[in-house]
Every structure is written in structure tokens, then in C-alpha cells.
Amino acid sequence: MASPRTITIVALSVALGLFFVFMGTIKLTPRLSKDAYNEMKRAYKSYVRALPMLKKMGISSIMLRKSIGTLEVASGIVMTLVPGRPKDVANFLLLLLVLAVLFFHQLVGDPLKRYAHALVFGILLTCRLLIARQPEEPLPEKRTLTVNGEEQPPLAEEAPEKGKIKVS
């Protein structure tokens with residue numbers, strides 16, 4: 001049976017991966033939701049306007065939106081399907097993207113309700129990364145007690161059940 005730690009990591013990985021595939025797809029194409037796609041276009045235009053340094057570097061709102069969307073889709077697929085260390089790398093990349101998006105929202109002065117989802121998913125990404133990086137706890141071994149050269153069963157096995165009296 002899988003440990004609770006493993007179940008938690010798998011559940012968070014799949015849920016977060018699917019969420020970021022969905023959000024990245026909305027940034028890339030209007031096929032899922034035309035309104036959400038248009039809102040993303042408008043938001044990324046305001047981010048580039050608020051950061052003139054991006055314009056000087058030759059980064060347009062379209063390029064920023066599409067690069068973030070592509071990273072979200074790719075990292076979301078890795079989080080959902082790929083086992084092992086790549087999941088942690090994808091988790092870290094998504095955490096950096098969430099921090100960047102939170103910075104953009106603060107920069108343009110968006111109200112909390114516009115970026116609350118980014119806060120929640122940033123916390124979930126952090127939790128998943130912390131749980132995944134903790135070492136697995138080994139299961140306790142059953143030890144036998146040796147008394148006068150004879151092996152004795154562990155004391156827990158010998159103890160009577162609560163509420164029952166052991167009669168010899």
C-alpha cells in the first residue's frame with residue numbers, strides 16, 4: 001500500500017499539473033474560452049506597459065503571454081505524467097512563474113480577487129515541493145526480545161486488548 005506521503009504527492013502533482021495545462025492553454029489559444037483569452041491578452045498588455053524594461057529588451061505582450069503559457073503547459077504535462085526528479089524541476093519552474101505573475105499583478109495594482117488563485121496555487125506548489133523533498137520515513141522493524149537465550153514476542157503483541165482481562 002502506498003504511504004500517505006506518496007498519495008499526497010501524486011494527488012497534488014496531478015491536480016496542479018492539470019490546472020497549469022488548462023491555464024497555459026487559455027493563454028495560448030481562444031479555443032477553450034474566448035472571454036478568458038481576451039482577458040489574458042488585455043492583462044499582459046498592461047504588464048508590459050507597467051514594465052518598460054521589457055519593451056527595451058524587445059519583449060512584446062504577445063511574446064510574454066505565449067512564453068509563460070508554453071512554460072505552464074509544458075511544466076503541467078511534466079507534473080501530471082513524468083515520474084521522478086523532472087516533477088520537482090517543473091514544480092520549481094511553476095513556482096517561479098507564479099511569483100512573476102504575482103509581481104505583475106502587484107505592479108499594475110490589481111485587486112486581490114484578480115490574483116487570489118495565483119496565491120493559492122503558489123502555496124500548493126510550495127507544499128508539494130516541501131513534501132516531495134522530505135526523506136521517506138522507514139517503517140519500524142519488528143524486533144524480538146531475547147531473554148535467557150530465548151526469543152520473546154514483542155511486548156505489544158503480549159498485552160491484552162483494552163477492556164479484556166487475560167486469564168491463565
# chains A, B, ... in the order shown; residues from 1 in each chain; ligands from 1
$ select_by_dssp --residues "segment 7-148 of chain A" --states "helix (DSSP H, G or I)" --output "PyMOL selection string"
chain A and resi 7-28+34-50+52-56+61-81+85-108+112-133
$ atom_distance --atom1 "atom CA of Met63 of chain A" --atom2 "atom CA of Leu99 of chain A"
18.5 Å
$ atom_distance --atom1 "atom CA of Arg31 of chain A" --atom2 "atom CA of Ile123 of chain A"
28.9 Å
$ closest_residue --among "A:Lys34, A:Asn91, A:Leu81, A:Gly24" --to "Leu130 of chain A" --atoms "only C-alpha atoms"
A:Asn91
$ atom_distance --atom1 "atom CA of Gly76 of chain A" --atom2 "atom CA of Ser13 of chain A"
8.6 Å
$ residues_around --residues "Pro4 of chain A" --least-positions-apart "6" --cutoff "12 Å" --atoms "only C-alpha atoms" --output "compact mmCIF listing (two decimals) with N, CA and C atoms, in the first residue's frame"
# COMPACT_ATOMS: atom_id res chain seq x y z
N VAL A 10 1.24 12.52 -5.31
CA VAL A 10 0.61 12.17 -6.59
C VAL A 10 -0.64 13.02 -6.81
N ALA A 11 -1.48 13.15 -5.78
CA ALA A 11 -2.70 13.94 -5.91
C ALA A 11 -2.40 15.40 -6.23
N ILE A 131 6.91 18.65 0.59
CA ILE A 131 6.59 17.25 0.89
C ILE A 131 7.46 16.32 0.06
N ALA A 132 7.65 16.65 -1.20
CA ALA A 132 8.45 15.79 -2.09
C ALA A 132 9.92 15.76 -1.68
N GLU A 136 11.84 9.91 2.91
CA GLU A 136 10.82 8.91 3.26
C GLU A 136 11.17 8.32 4.61
N GLU A 137 10.19 8.21 5.49
CA GLU A 137 10.43 7.62 6.81
C GLU A 137 10.38 6.11 6.69
$ closest_residue --among "A:Thr6, A:Thr70, A:Leu16, A:Gly122" --to "Gly84 of chain A" --atoms "only C-alpha atoms"
A:Thr6
$ select_by_dssp --residues "chain A" --states "strand (DSSP E)" --output "VMD selection string"
chain A and resid 145 to 147 150 to 152
$ closest_residue --among "A:Lys27, A:Val21, A:Leu125, A:Leu102" --to "Ile9 of chain A" --atoms "only C-alpha atoms"
A:Leu125
$ closest_residue --among "A:Gln134, A:Thr126, A:Ser61, A:Ser46" --to "Gln106 of chain A" --atoms "only C-alpha atoms"
A:Ser46
$ residues_around --residues "Val73 of chain A" --least-positions-apart "3" --cutoff "10 Å" --atoms "only C-alpha atoms" --output "list of chain:residue names"
A:Gly17, A:Leu18, A:Phe19, A:Phe20, A:Val21, A:Phe22, A:Met23, A:Gly24, A:Thr25, A:Ile26, A:Lys27, A:Leu28, A:Ser67, A:Ile68, A:Gly69, A:Thr70, A:Gly76, A:Ile77, A:Val78, A:Met79, A:Leu94
$ residues_around --residues "Lys45 of chain A" --least-positions-apart "2" --cutoff "12 Å" --atoms "only C-alpha atoms" --output "list in words"
Asn38, Glu39, Met40, Lys41, Arg42, Ala43, Tyr47, Val48, Arg49, Ala50, Leu51, Pro52, Leu54, Lys55, Ile59, Ser60, Ser61, Ile62, Met63, Leu64, Arg65, Phe104 and Val108 of chain A
